[in-house]
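Shown below: data20.cif, with mmCIF, C-alpha atoms and all ligand atoms.
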```cif
data_start
loop_
_atom_site.label_atom_id
_atom_site.label_comp_id
_atom_site.auth_asym_id
_atom_site.auth_seq_id
_atom_site.Cartn_x
_atom_site.Cartn_y
_atom_site.Cartn_z
CA MET Z 143 0.00 0.00 0.00
CA THR Z 144 1.34 3.45 -0.88
CA ALA Z 145 -0.09 6.94 -0.36
CA TYR Z 146 0.13 7.42 -4.14
CA GLU Z 147 -2.14 4.42 -4.82
CA ILE Z 148 -4.68 5.47 -2.19
CA ILE Z 149 -4.84 9.04 -3.53
CA SER Z 150 -5.33 7.77 -7.12
CA LYS Z 151 -8.07 5.37 -6.00
CA LYS Z 152 -10.10 8.16 -4.38
CA ARG Z 153 -9.31 10.54 -7.27
CA ASP Z 154 -10.93 7.99 -9.60
CA GLY Z 155 -14.03 7.76 -7.41
CA PHE Z 156 -13.53 4.39 -5.70
CA GLU Z 157 -14.31 3.45 -2.12
CA LEU Z 158 -11.33 3.33 0.25
CA SER Z 159 -10.96 0.38 2.62
CA GLU Z 160 -10.56 0.66 6.40
CA GLU Z 161 -6.86 -0.18 6.07
CA GLU Z 162 -6.29 2.49 3.42
CA ILE Z 163 -8.04 5.22 5.44
CA GLY Z 164 -6.19 4.16 8.61
CA TYR Z 165 -2.87 4.13 6.76
CA MET Z 166 -3.35 7.74 5.61
CA ILE Z 167 -4.81 9.25 8.79
CA ASN Z 168 -2.46 7.53 11.25
CA GLY Z 169 0.47 8.09 8.93
CA TYR Z 170 -0.35 11.79 8.72
CA ALA Z 171 -0.89 12.17 12.47
CA GLU Z 172 2.43 10.46 13.13
CA GLY Z 173 4.34 12.49 10.53
CA ARG Z 174 4.99 9.69 7.97
CA ILE Z 175 2.62 11.11 5.33
CA PRO Z 176 3.65 14.62 4.21
CA ASP Z 177 1.28 17.59 3.92
CA TYR Z 178 1.30 17.48 0.10
CA GLN Z 179 0.00 13.90 -0.06
CA MET Z 180 -2.62 14.48 2.63
CA SER Z 181 -3.71 17.67 0.80
CA ALA Z 182 -4.16 15.68 -2.42
CA LEU Z 183 -6.22 13.04 -0.62
CA LEU Z 184 -8.37 15.69 1.09
CA MET Z 185 -9.10 17.32 -2.27
CA ALA Z 186 -9.95 13.92 -3.80
CA ILE Z 187 -12.37 13.29 -0.89
CA PHE Z 188 -13.79 16.79 -1.30
CA LEU Z 189 -14.47 16.19 -5.00
CA ARG Z 190 -15.47 12.51 -4.95
CA GLY Z 191 -17.15 12.24 -1.53
CA MET Z 192 -17.27 9.22 0.75
CA ASN Z 193 -19.98 6.70 1.62
CA LYS Z 194 -21.28 6.03 5.16
CA GLN Z 195 -18.78 3.26 5.85
CA GLU Z 196 -15.82 5.39 4.78
CA THR Z 197 -17.09 8.35 6.84
CA MET Z 198 -17.41 6.10 9.87
CA THR Z 199 -13.84 4.85 9.36
CA VAL Z 200 -12.52 8.43 9.06
CA THR Z 201 -14.26 9.31 12.35
CA LYS Z 202 -12.90 6.23 14.15
CA ASN Z 203 -9.34 6.90 13.05
CA MET Z 204 -9.51 10.53 14.14
CA LEU Z 205 -11.16 9.60 17.45
CA TYR Z 206 -8.61 6.93 18.39
CA SER Z 207 -5.67 9.09 17.33
CA GLY Z 208 -5.95 10.49 20.89
CA GLU Z 209 -7.55 10.05 24.29
CA VAL Z 210 -11.25 9.21 24.70
CA VAL Z 211 -12.43 10.75 27.96
CA ASP Z 212 -14.30 8.42 30.30
CA LEU Z 213 -16.93 10.27 32.32
CA SER Z 214 -18.71 7.14 33.56
CA SER Z 215 -17.78 7.97 37.17
CA ILE Z 216 -20.00 11.09 36.96
CA PRO Z 217 -23.67 10.22 37.56
CA GLY Z 218 -26.28 11.13 34.94
CA VAL Z 219 -26.57 11.12 31.16
CA LYS Z 220 -23.89 13.47 29.82
CA VAL Z 221 -25.17 15.54 26.88
CA ASP Z 222 -23.44 18.14 24.72
CA LYS Z 223 -24.55 20.41 21.92
CA HIS Z 224 -22.52 21.23 18.85
CA SER Z 225 -23.14 23.96 16.33
CA THR Z 226 -21.59 23.82 12.87
CA GLY Z 227 -20.77 27.51 13.34
CA GLY Z 228 -22.26 30.86 12.48
CA VAL Z 229 -22.28 34.61 13.05
CA GLY Z 230 -23.45 35.78 16.47
CA ASP Z 231 -23.94 32.18 17.58
CA LYS Z 232 -23.43 32.48 21.32
CA VAL Z 233 -25.96 29.76 22.22
CA SER Z 234 -23.47 27.50 24.08
CA ILE Z 235 -22.74 30.19 26.67
CA ILE Z 236 -26.41 30.40 27.73
CA LEU Z 237 -27.17 26.73 27.11
CA ALA Z 238 -24.42 25.14 29.23
CA PRO Z 239 -25.57 26.83 32.49
CA VAL Z 240 -29.26 26.26 31.67
CA VAL Z 241 -28.83 22.54 31.04
CA ALA Z 242 -26.41 22.03 33.94
CA ALA Z 243 -28.86 23.87 36.24
CA ALA Z 244 -31.55 21.42 35.06
CA GLY Z 245 -29.37 18.57 36.36
CA VAL Z 246 -27.90 17.29 33.08
CA PRO Z 247 -24.06 17.22 33.04
CA VAL Z 248 -22.64 19.05 29.99
CA PRO Z 249 -19.12 18.11 28.86
CA MET Z 250 -18.16 20.78 26.34
CA ILE Z 251 -15.01 21.00 24.26
CA SER Z 252 -15.39 24.04 22.02
CA GLY Z 253 -13.53 25.72 19.20
CA ARG Z 254 -12.11 29.12 18.33
CA GLY Z 255 -13.39 31.50 15.70
CA LEU Z 256 -12.87 30.24 12.18
CA GLY Z 257 -13.05 32.49 9.13
CA HIS Z 258 -16.15 34.67 9.50
CA THR Z 259 -17.65 32.54 12.30
CA GLY Z 260 -17.06 33.23 15.98
CA GLY Z 261 -15.85 30.65 18.49
CA THR Z 262 -17.11 29.92 22.00
CA LEU Z 263 -13.56 29.89 23.42
CA ASP Z 264 -12.75 33.39 22.14
CA LYS Z 265 -16.03 34.66 23.59
CA LEU Z 266 -15.37 33.08 26.99
CA GLU Z 267 -11.81 34.38 27.04
CA SER Z 268 -13.13 37.92 26.67
CA ILE Z 269 -14.21 37.52 30.32
CA PRO Z 270 -11.13 38.67 32.27
CA GLY Z 271 -9.28 35.70 33.77
CA PHE Z 272 -11.57 33.03 32.28
CA ARG Z 273 -9.51 29.89 31.53
CA VAL Z 274 -10.32 27.30 28.87
CA ASP Z 275 -7.02 25.39 28.96
CA TYR Z 276 -7.64 22.87 31.73
CA SER Z 277 -6.24 19.35 31.59
CA ILE Z 278 -8.60 16.42 31.06
CA LYS Z 279 -8.26 15.56 34.76
CA GLU Z 280 -9.32 19.08 35.79
CA TYR Z 281 -12.10 19.05 33.16
CA LYS Z 282 -13.53 15.88 34.72
CA GLU Z 283 -13.28 17.27 38.26
CA LYS Z 284 -15.05 20.46 37.25
CA ILE Z 285 -17.91 18.61 35.50
CA ALA Z 286 -18.34 16.48 38.63
CA ARG Z 287 -18.39 19.60 40.84
CA VAL Z 288 -20.31 22.18 38.79
CA GLY Z 289 -22.16 20.09 36.17
CA THR Z 290 -20.26 21.49 33.20
CA CYS Z 291 -16.86 22.68 32.03
CA LEU Z 292 -16.10 24.56 28.81
CA ILE Z 293 -12.60 23.98 27.48
CA GLY Z 294 -10.65 23.88 24.21
CA GLN Z 295 -9.31 20.87 22.35
CA THR Z 296 -6.29 19.62 24.35
CA PRO Z 297 -3.27 18.09 22.54
CA ASP Z 298 -4.56 14.65 23.66
CA ILE Z 299 -7.98 15.01 22.02
CA CYS Z 300 -8.14 13.95 18.35
CA PRO Z 301 -4.63 15.10 17.32
CA ALA Z 302 -5.28 13.75 13.79
CA ASP Z 303 -8.26 16.11 13.43
CA LYS Z 304 -6.24 19.05 14.73
CA LYS Z 305 -3.59 18.53 12.05
CA MET Z 306 -6.02 17.71 9.25
CA TYR Z 307 -8.28 20.62 10.13
CA ALA Z 308 -5.38 23.08 9.87
CA LEU Z 309 -4.52 21.62 6.45
CA ARG Z 310 -8.15 21.72 5.25
CA ASP Z 311 -8.37 25.35 6.31
CA VAL Z 312 -5.64 26.35 3.84
CA THR Z 313 -6.45 23.90 1.00
CA ALA Z 314 -10.12 24.87 0.47
CA THR Z 315 -11.36 21.48 1.67
CA ILE Z 316 -13.44 22.46 4.70
CA GLN Z 317 -16.87 22.17 3.06
CA SER Z 318 -16.89 18.41 2.65
CA ILE Z 319 -19.63 16.41 4.38
CA PRO Z 320 -17.50 13.33 5.25
CA LEU Z 321 -14.60 15.49 6.46
CA ILE Z 322 -16.82 17.78 8.56
CA THR Z 323 -18.58 14.72 9.98
CA GLY Z 324 -15.31 13.02 10.94
CA SER Z 325 -13.93 16.22 12.41
CA ILE Z 326 -16.98 17.13 14.51
CA MET Z 327 -17.98 13.65 15.63
CA SER Z 328 -14.47 12.52 16.59
CA LYS Z 329 -14.15 15.51 18.95
CA LYS Z 330 -17.63 15.07 20.41
CA LEU Z 331 -17.19 11.32 20.93
CA ALA Z 332 -13.79 11.97 22.57
CA GLU Z 333 -15.14 14.41 25.16
CA GLY Z 334 -17.16 11.77 27.03
CA ILE Z 335 -20.77 12.31 25.87
CA ASP Z 336 -23.66 9.86 26.21
CA ALA Z 337 -25.89 11.82 23.79
CA LEU Z 338 -25.59 14.78 21.44
CA VAL Z 339 -27.75 17.61 20.08
CA LEU Z 340 -26.57 19.21 16.85
CA ASP Z 341 -27.34 22.66 15.54
CA VAL Z 342 -26.63 22.45 11.81
CA LYS Z 343 -26.63 25.96 10.45
CA THR Z 344 -27.85 26.77 6.97
CA GLY Z 345 -27.59 29.96 4.89
CA HIS Z 346 -25.00 32.60 3.86
CA GLY Z 347 -23.24 32.66 7.22
CA ALA Z 348 -22.96 28.86 7.52
CA PHE Z 349 -20.49 26.36 6.08
CA MET Z 350 -23.45 24.68 4.35
CA GLN Z 351 -25.36 27.34 2.48
CA LYS Z 352 -28.08 25.17 0.91
CA HIS Z 353 -30.80 23.54 2.97
CA GLU Z 354 -30.38 20.14 1.26
CA ASP Z 355 -26.62 20.11 2.01
CA SER Z 356 -27.31 20.94 5.66
CA VAL Z 357 -29.82 18.07 5.84
CA ALA Z 358 -27.29 15.70 4.25
CA LEU Z 359 -24.65 16.78 6.78
CA ALA Z 360 -27.10 16.40 9.69
CA LYS Z 361 -27.97 12.86 8.53
CA GLN Z 362 -24.30 11.84 8.34
CA LEU Z 363 -23.63 13.30 11.80
CA ILE Z 364 -26.64 11.47 13.27
CA SER Z 365 -25.76 8.20 11.60
CA VAL Z 366 -22.19 8.26 12.97
CA GLY Z 367 -23.39 9.25 16.48
CA GLU Z 368 -25.97 6.47 16.52
CA ALA Z 369 -23.43 3.93 15.18
CA PHE Z 370 -21.31 4.71 18.25
CA GLY Z 371 -24.37 4.06 20.43
CA LYS Z 372 -24.90 7.76 21.31
CA PRO Z 373 -28.44 9.04 20.73
CA THR Z 374 -28.00 12.02 18.39
CA VAL Z 375 -30.58 14.54 17.17
CA ALA Z 376 -30.19 17.60 14.96
CA TYR Z 377 -31.94 20.88 14.23
CA ILE Z 378 -31.38 22.71 10.97
CA THR Z 379 -31.42 26.41 11.90
CA ASP Z 380 -31.20 29.58 9.87
CA MET Z 381 -27.91 31.46 9.46
CA ASN Z 382 -28.87 33.91 6.74
CA GLU Z 383 -28.95 36.63 9.38
CA PRO Z 384 -26.73 36.85 12.51
CA LEU Z 385 -28.24 35.17 15.57
CA GLY Z 386 -29.22 37.74 18.19
CA ASN Z 387 -28.03 41.34 17.93
CA ALA Z 388 -24.40 41.20 19.01
CA VAL Z 389 -21.43 40.01 16.94
CA GLY Z 390 -18.03 40.20 18.64
CA ASN Z 391 -16.68 38.52 21.72
CA TRP Z 392 -17.43 40.68 24.78
CA LEU Z 393 -20.51 42.17 23.08
CA GLU Z 394 -21.82 38.60 22.80
CA ILE Z 395 -21.05 37.86 26.44
CA VAL Z 396 -23.13 40.93 27.38
CA GLU Z 397 -25.98 39.55 25.24
CA CYS Z 398 -25.64 36.20 27.05
CA ILE Z 399 -25.85 38.01 30.41
CA ASP Z 400 -29.11 39.58 29.16
CA GLY Z 401 -30.32 36.18 27.93
CA LEU Z 402 -29.61 34.57 31.30
CA HIS Z 403 -31.67 37.35 32.92
CA GLY Z 404 -34.62 36.63 30.61
CA GLU Z 405 -33.92 39.65 28.42
CA GLY Z 406 -32.25 38.04 25.41
CA PRO Z 407 -33.34 38.68 21.81
CA ASP Z 408 -36.23 36.45 20.66
CA ASP Z 409 -34.36 34.64 17.87
CA LEU Z 410 -31.39 33.76 20.09
CA MET Z 411 -33.64 32.54 22.89
CA GLU Z 412 -35.88 30.52 20.54
CA VAL Z 413 -32.92 28.50 19.26
CA THR Z 414 -31.36 28.25 22.73
CA HIS Z 415 -34.51 26.94 24.43
CA GLN Z 416 -35.15 24.40 21.67
CA LEU Z 417 -31.62 22.99 21.88
CA CYS Z 418 -31.72 23.02 25.72
CA GLY Z 419 -35.10 21.25 25.61
CA ALA Z 420 -33.67 18.46 23.46
CA MET Z 421 -30.63 18.13 25.75
CA ILE Z 422 -32.76 18.01 28.91
CA TYR Z 423 -34.92 15.33 27.25
CA LEU Z 424 -31.92 13.24 26.11
CA GLY Z 425 -30.46 13.73 29.61
CA LYS Z 426 -33.62 12.07 30.99
CA LYS Z 427 -34.76 15.07 33.02
CA ALA Z 428 -37.89 15.60 30.88
CA ALA Z 429 -40.43 13.25 29.33
CA SER Z 430 -40.41 15.09 25.99
CA ILE Z 431 -38.50 17.82 24.19
CA GLU Z 432 -41.46 20.17 24.78
CA GLU Z 433 -41.24 19.58 28.53
CA GLY Z 434 -37.48 20.12 28.25
CA VAL Z 435 -38.13 23.52 26.64
CA GLU Z 436 -40.41 24.47 29.55
CA ILE Z 437 -37.74 23.41 32.06
CA SER Z 438 -35.18 25.47 30.13
CA LYS Z 439 -37.42 28.56 30.37
CA GLU Z 440 -37.94 27.91 34.07
CA MET Z 441 -34.16 27.72 34.65
CA ILE Z 442 -33.92 31.28 33.31
CA ARG Z 443 -37.06 32.60 35.07
CA SER Z 444 -35.97 31.24 38.44
CA GLY Z 445 -32.45 32.68 38.19
CA LYS Z 446 -30.93 29.19 38.53
CA ALA Z 447 -29.21 29.41 35.13
CA TRP Z 448 -27.66 32.80 35.99
CA ASP Z 449 -26.41 31.46 39.33
CA LYS Z 450 -24.95 28.44 37.50
CA PHE Z 451 -23.22 30.75 34.98
CA LEU Z 452 -21.56 32.66 37.83
CA GLU Z 453 -20.54 29.35 39.41
CA ILE Z 454 -18.96 28.22 36.11
CA ALA Z 455 -17.14 31.54 35.74
CA GLU Z 456 -15.82 31.30 39.28
CA GLU Z 457 -14.72 27.68 38.77
CA GLN Z 458 -12.91 28.64 35.55
CA ASN Z 459 -11.15 31.63 37.11
CA GLY Z 460 -13.37 34.28 35.42
CA ASP Z 461 -13.98 37.75 36.89
CA VAL Z 462 -17.45 37.30 38.38
CA ASP Z 463 -17.72 40.93 39.43
CA ILE Z 464 -17.44 42.18 35.85
CA LEU Z 465 -20.19 39.77 34.79
CA LYS Z 466 -22.40 41.34 37.46
CA ASN Z 467 -21.31 44.86 36.43
CA PRO Z 468 -20.54 44.66 32.69
CA LEU Z 469 -20.36 48.47 32.38
CA ARG Z 470 -16.97 48.22 34.11
CA TYR Z 471 -15.51 46.60 30.95
CA PRO Z 472 -12.98 48.70 28.99
CA LYS Z 473 -14.54 50.65 26.12
CA PRO Z 474 -13.37 50.45 22.49
CA ALA Z 475 -11.55 53.55 21.26
CA PHE Z 476 -13.85 54.16 18.27
CA GLN Z 477 -17.52 53.75 17.56
CA ALA Z 478 -19.69 54.58 14.53
CA GLN Z 479 -23.23 54.09 13.33
CA VAL Z 480 -24.46 52.52 10.08
CA PRO Z 481 -27.44 54.59 8.90
CA ALA Z 482 -30.40 52.96 7.13
CA ALA Z 483 -30.21 53.73 3.42
CA GLU Z 484 -33.98 53.64 2.86
CA SER Z 485 -37.30 53.88 4.66
CA GLY Z 486 -39.47 50.78 4.69
CA TYR Z 487 -38.64 47.35 6.07
CA VAL Z 488 -35.41 45.46 6.53
CA ALA Z 489 -35.61 42.57 4.05
CA SER Z 490 -32.33 40.87 5.04
CA ILE Z 491 -28.97 41.38 6.74
CA HIS Z 492 -26.28 39.30 5.08
CA SER Z 493 -24.65 37.35 7.91
CA LEU Z 494 -21.49 36.42 5.98
CA GLU Z 495 -20.78 40.12 5.33
CA VAL Z 496 -21.43 40.98 8.99
CA GLY Z 497 -19.09 38.18 10.09
CA LEU Z 498 -16.32 39.20 7.69
CA THR Z 499 -16.62 42.86 8.70
CA ALA Z 500 -16.43 41.92 12.39
CA VAL Z 501 -13.10 40.21 11.64
CA THR Z 502 -11.72 43.43 10.10
CA LEU Z 503 -12.73 45.33 13.26
CA GLY Z 504 -10.59 42.94 15.34
CA ALA Z 505 -13.27 40.48 16.53
CA GLY Z 506 -11.75 37.54 14.60
CA ARG Z 507 -8.45 36.40 13.13
CA GLN Z 508 -7.23 36.98 9.57
CA LYS Z 509 -4.15 34.84 10.28
CA ALA Z 510 -3.95 31.96 12.75
CA ASP Z 511 -1.69 33.88 15.15
CA ASP Z 512 -3.63 37.20 15.09
CA LEU Z 513 -4.70 38.55 18.45
CA ILE Z 514 -8.40 39.15 19.01
CA ASP Z 515 -9.70 42.42 20.39
CA PRO Z 516 -12.49 41.30 22.75
CA LYS Z 517 -14.17 44.73 22.64
CA ALA Z 518 -14.49 44.87 18.85
CA GLY Z 519 -17.68 44.01 17.00
CA ILE Z 520 -21.08 45.04 15.76
CA VAL Z 521 -24.49 45.50 17.38
CA LEU Z 522 -27.55 45.21 15.14
CA HIS Z 523 -30.40 47.58 16.07
CA LYS Z 524 -32.76 46.18 13.42
CA LYS Z 525 -33.35 42.67 12.11
CA ALA Z 526 -35.18 41.37 9.04
CA GLY Z 527 -38.87 42.23 9.09
CA GLN Z 528 -38.54 45.39 11.21
CA ALA Z 529 -39.68 48.82 10.01
CA VAL Z 530 -36.97 51.42 9.50
CA GLU Z 531 -36.66 55.14 8.66
CA ALA Z 532 -33.91 56.31 6.28
CA GLY Z 533 -30.96 57.67 8.29
CA GLU Z 534 -31.75 55.94 11.59
CA PRO Z 535 -28.93 53.78 12.96
CA ILE Z 536 -29.31 50.21 11.84
CA MET Z 537 -26.04 48.96 13.37
CA SER Z 538 -23.29 50.22 15.69
CA VAL Z 539 -19.66 49.38 15.06
CA TYR Z 540 -16.94 49.17 17.76
CA THR Z 541 -13.20 48.95 17.27
CA ASP Z 542 -9.78 50.22 18.37
CA ARG Z 543 -8.71 50.39 14.69
CA GLU Z 544 -9.64 53.84 13.41
CA GLU Z 545 -8.30 52.99 9.95
CA VAL Z 546 -10.92 50.29 9.29
CA LEU Z 547 -13.97 52.13 10.63
CA LYS Z 548 -15.08 53.93 7.44
CA ALA Z 549 -14.75 50.83 5.23
CA ALA Z 550 -16.62 48.75 7.82
CA VAL Z 551 -19.54 51.19 7.94
CA GLU Z 552 -19.77 51.22 4.12
CA ARG Z 553 -19.54 47.43 3.85
CA LEU Z 554 -22.23 46.91 6.50
CA GLY Z 555 -24.45 49.46 4.76
CA LYS Z 556 -24.31 47.25 1.65
CA ALA Z 557 -25.09 44.10 3.67
CA VAL Z 558 -28.66 45.30 4.31
CA ALA Z 559 -31.49 44.86 1.79
CA TYR Z 560 -34.75 46.83 2.09
CA SER Z 561 -38.32 46.33 1.02
CA ALA Z 562 -41.07 48.89 0.64
CA GLN Z 563 -43.62 46.20 1.67
CA PRO Z 564 -43.77 44.37 5.01
CA VAL Z 565 -41.52 41.31 4.95
CA GLU Z 566 -42.80 37.92 6.06
CA SER Z 567 -40.71 36.55 8.90
CA LYS Z 568 -38.94 33.31 7.99
CA ALA Z 569 -38.83 30.27 10.26
CA LEU Z 570 -35.65 30.16 12.31
CA ILE Z 571 -35.78 26.45 13.07
CA HIS Z 572 -36.20 24.73 9.71
CA GLU Z 573 -36.28 21.08 10.61
CA TYR Z 574 -35.75 18.45 13.34
CA LEU Z 575 -33.98 15.20 12.48
CA ASP Z 576 -33.13 12.08 14.47
CA LYS Z 577 -32.41 8.43 13.70
CA ASN Z 578 -35.90 8.02 12.29
CA SER Z 579 -35.06 10.60 9.60
CA LEU Z 580 -32.19 8.51 8.14
N1 LIG Z 601 -16.23 22.36 12.83
C1 LIG Z 601 -15.34 21.35 13.05
O1 LIG Z 601 -14.97 21.05 14.18
N2 LIG Z 601 -14.88 20.68 11.98
C2 LIG Z 601 -15.26 20.96 10.71
O2 LIG Z 601 -14.79 20.30 9.82
C3 LIG Z 601 -16.17 22.01 10.50
C4 LIG Z 601 -16.66 22.70 11.59
#
```
The structure given in the file should be rewritten as structure tokens.
Amino acid sequence: MTAYEIISKKRDGFELSEEEIGYMINGYAEGRIPDYQMSALLMAIFLRGMNKQETMTVTKNMLYSGEVVDLSSIPGVKVDKHSTGGVGDKVSIILAPVVAAAGVPVPMISGRGLGHTGGTLDKLESIPGFRVDYSIKEYKEKIARVGTCLIGQTPDICPADKKMYALRDVTATIQSIPLITGSIMSKKLAEGIDALVLDVKTGHGAFMQKHEDSVALAKQLISVGEAFGKPTVAYITDMNEPLGNAVGNWLEIVECIDGLHGEGPDDLMEVTHQLCGAMIYLGKKAASIEEGVEISKEMIRSGKAWDKFLEIAEEQNGDVDILKNPLRYPKPAFQAQVPAAESGYVASIHSLEVGLTAVTLGAGRQKADDLIDPKAGIVLHKKAGQAVEAGEPIMSVYTDREEVLKAAVERLGKAVAYSAQPVESKALIHEYLDKNSL
């Protein structure tokens, strides 16, 4: 067996065997297969696809390239949620305390911002002192104590995915269903879950822009989760417009603080409660998803979720006082408003453009080693469907980089479409899928 033969086989559209996939992934993780041969294979997979069996083998090889965390000593059904990524998607930061407060342990290994999409770790790290770099031993202890712990991928978790992901990022091979499935599911299976809820985003701001591709991805993710004996369900949710009103790390934390006090934007809270409801149901603390949603709302109403959030922050070394008094946070040096170009109704706000602009303001990275400015970002004052008068501020922009402000305001102005007629609101949650949908 040679890498050359395996690459040619996939290039010509044939199925790869378990041995061939293992040879390439293990060889790459261990440094025997060079970047150029792995890049060629990734592109062949991107173009030719993989069947269910091959996707399962990719996942297994990535999973067992590192440590699989055993949380069986912690009582209860451990459930996590994973989003395929979007703009303004801060759901995890409200969801983890809600679900933990409802008595379901939440093991959560999250990612950093990628391209135009934000990352939970960057958002959490905008809280002064908040640590996401705990060892697996500390991660387990914290879940046992608090009910959840939010950390980043350690060097022991799926090292093959870490290396392959970095290569995919620079070889235009991210948007491949088998590769995304292997990458997401290996990390989720490694973190110690018993069950999983997926939020598969669809639209401009998502990796999968077409509904049918998002459904195909959701089905692959479910089928791999179920094959590993982990009940897995998925929601397809809209990412044509940013979720909530804030885009940018600390701005999103402030929105989460509002959400945990029952004052979050409707769209953000609709998605959050639905995903929490499914987690509480899979965690066996509700008889149905609907009852889970009610419990989720009650966790916010009663203040239990907010108390749990403060407990998590304290446990992970975060500055609890600033979460209670967010106005103490340092202010960005520059601020500007994006005026509405027309009177009428907002027809759409292009989430990809908002995400890309937020990166230029300092809220994301243009290169892997760029530093993030936690204060930078965008706040939307209007969303699709709302009435607007020409000239009124439709968004506010925050940054320390004076030189990018003007271009950002212009670019955001072009990201908004208007309608003279009222605009019908589109469903945010498109579809629910589980093993019966396969
Ligand atoms: N998130 C991941 O972890 N992996 C992918 O391939 C895409 C999104």
ask   = Mind listing the residues within 8 Å of ligand LIG 601 (chain Z), only C-alpha atoms and all ligand atoms counted, as a PyMOL selection string?
value = chain Z and resi 225-227+253+307+316-318+321-326+329+349
Please produce a file of those selected residues containing C-alpha atoms, as a JSON list (two decimals), in the frame of the given file.
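Below is the file out.json, written as the result:
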```
[["chain", "number", "residue", "atom", "x", "y", "z"],
["Z", 225, "SER", "CA", -23.14, 23.96, 16.33],
["Z", 226, "THR", "CA", -21.59, 23.82, 12.87],
["Z", 227, "GLY", "CA", -20.77, 27.51, 13.34],
["Z", 253, "GLY", "CA", -13.53, 25.72, 19.20],
["Z", 307, "TYR", "CA", -8.28, 20.62, 10.13],
["Z", 316, "ILE", "CA", -13.44, 22.46, 4.70],
["Z", 317, "GLN", "CA", -16.87, 22.17, 3.06],
["Z", 318, "SER", "CA", -16.89, 18.41, 2.65],
["Z", 321, "LEU", "CA", -14.60, 15.49, 6.46],
["Z", 322, "ILE", "CA", -16.82, 17.78, 8.56],
["Z", 323, "THR", "CA", -18.58, 14.72, 9.98],
["Z", 324, "GLY", "CA", -15.31, 13.02, 10.94],
["Z", 325, "SER", "CA", -13.93, 16.22, 12.41],
["Z", 326, "ILE", "CA", -16.98, 17.13, 14.51],
["Z", 329, "LYS", "CA", -14.15, 15.51, 18.95],
["Z", 349, "PHE", "CA", -20.49, 26.36, 6.08]]
```
message = Between atom CA of Z:His523 and atom CA of Z:Ile491, what is the distance in Å, rounded to a tenth?
response =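 Value for the atom CA of Z:His523-atom CA of Z:Ile491 distance: 11.3 Å.
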Who sits within 7 Å of Z:Leu309, all atoms listed in the file, same chain under 4 positions skipped, as a PyMOL selection string = chain Z and resi 181+305+313
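The two atoms in question, atom CA of Z:Asp231 and atom CA of Z:Ile319, are spaced 21.0 Å apart.
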Which residues of stretch 266-345 of chain Z have any atom within 10 Å of an atom in stretch 412-422 of chain Z when counting all atoms listed in the file, and what is the closest pair of atoms for each, with the distance in Å to one decimal? Order the rows by chain and rising number and write it as CSV.
```
residue,atom,partner,partner_atom,distance
Z:Ala337,CA,Z:Met421,CA,8.1
Z:Leu338,CA,Z:Met421,CA,7.4
Z:Val339,CA,Z:Met421,CA,6.4
Z:Leu340,CA,Z:Leu417,CA,8.1
Z:Asp341,CA,Z:Leu417,CA,7.7
```
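Among the candidates Z:Ala308, Z:Ile454, Z:Ala447, Z:Leu263, the residue lying nearest to Z:Lys232 is Z:Leu263 (atoms considered: all atoms listed in the file).
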The distance between atom CA of Z:Pro270 and atom CA of Z:Val462 is 8.9 Å
Please return the centre and edge lengths, in Å to one decimal, of a box with edges along x, y and z that contains all listed atoms of stretch 523-542 of chain Z, widened by 4 Å on every side, as lines of an AutoDock Vina configuration file.
```
center_x = -24.7
center_y = 49.5
center_z = 12.3
size_x = 37.9
size_y = 24.3
size_z = 20.1
```
Item checked: Polymer residues at most 9 Å from Z:Ala526, only C-alpha atoms, same-chain spacing of 2 or more positions, as a list in words ->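 Answer for this query is Glu383, Tyr487, Val488, Ala489, Ser490, Ile491, Lys524, Gln528, Ala529, Val558, Ala559, Tyr560, Val565, Glu566, Ser567 and Lys568 of chain Z.
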Using all atoms listed in the file, I'd like a table of the residues in stretch 434-470 of chain Z that come within 10 Å of stretch 388-400 of chain Z; for each, show the closest atom pair and its distance in Å rounded to one decimal, ordered by chain and ascending number, as JSON lines.
```
{"residue": "Z:Trp448", "atom": "CA", "partner": "Z:Ile399", "partner_atom": "CA", "distance": 7.8}
{"residue": "Z:Phe451", "atom": "CA", "partner": "Z:Ile399", "partner_atom": "CA", "distance": 9.0}
{"residue": "Z:Leu465", "atom": "CA", "partner": "Z:Ile399", "partner_atom": "CA", "distance": 7.4}
{"residue": "Z:Lys466", "atom": "CA", "partner": "Z:Ile399", "partner_atom": "CA", "distance": 8.5}
{"residue": "Z:Pro468", "atom": "CA", "partner": "Z:Val396", "partner_atom": "CA", "distance": 7.0}
{"residue": "Z:Leu469", "atom": "CA", "partner": "Z:Val396", "partner_atom": "CA", "distance": 9.5}
```
Hey, can you spit out that residue selection with C-alpha atoms as a compact mmCIF listing (two decimals), keeping the file's coordinate frame?
```txt
# COMPACT_ATOMS: atom_id res chain seq x y z
CA TRP Z 448 -27.66 32.80 35.99
CA PHE Z 451 -23.22 30.75 34.98
CA LEU Z 465 -20.19 39.77 34.79
CA LYS Z 466 -22.40 41.34 37.46
CA PRO Z 468 -20.54 44.66 32.69
CA LEU Z 469 -20.36 48.47 32.38
```
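Those residues that approach Z:Gly191 to within 10 Å, counting only C-alpha atoms, are Lys152, Arg153, Gly155, Phe156, Glu157, Leu184, Met185, Thr197, Ser318, Ile319, Pro320 and Leu321 of chain Z; same-chain residues fewer than 6 positions away are not listed.
With distances restricted to only C-alpha atoms, Z:Asn459 is the closest residue to Z:Phe272 from Z:Asn459, Z:Asn467, Z:Thr296, Z:Asn203.
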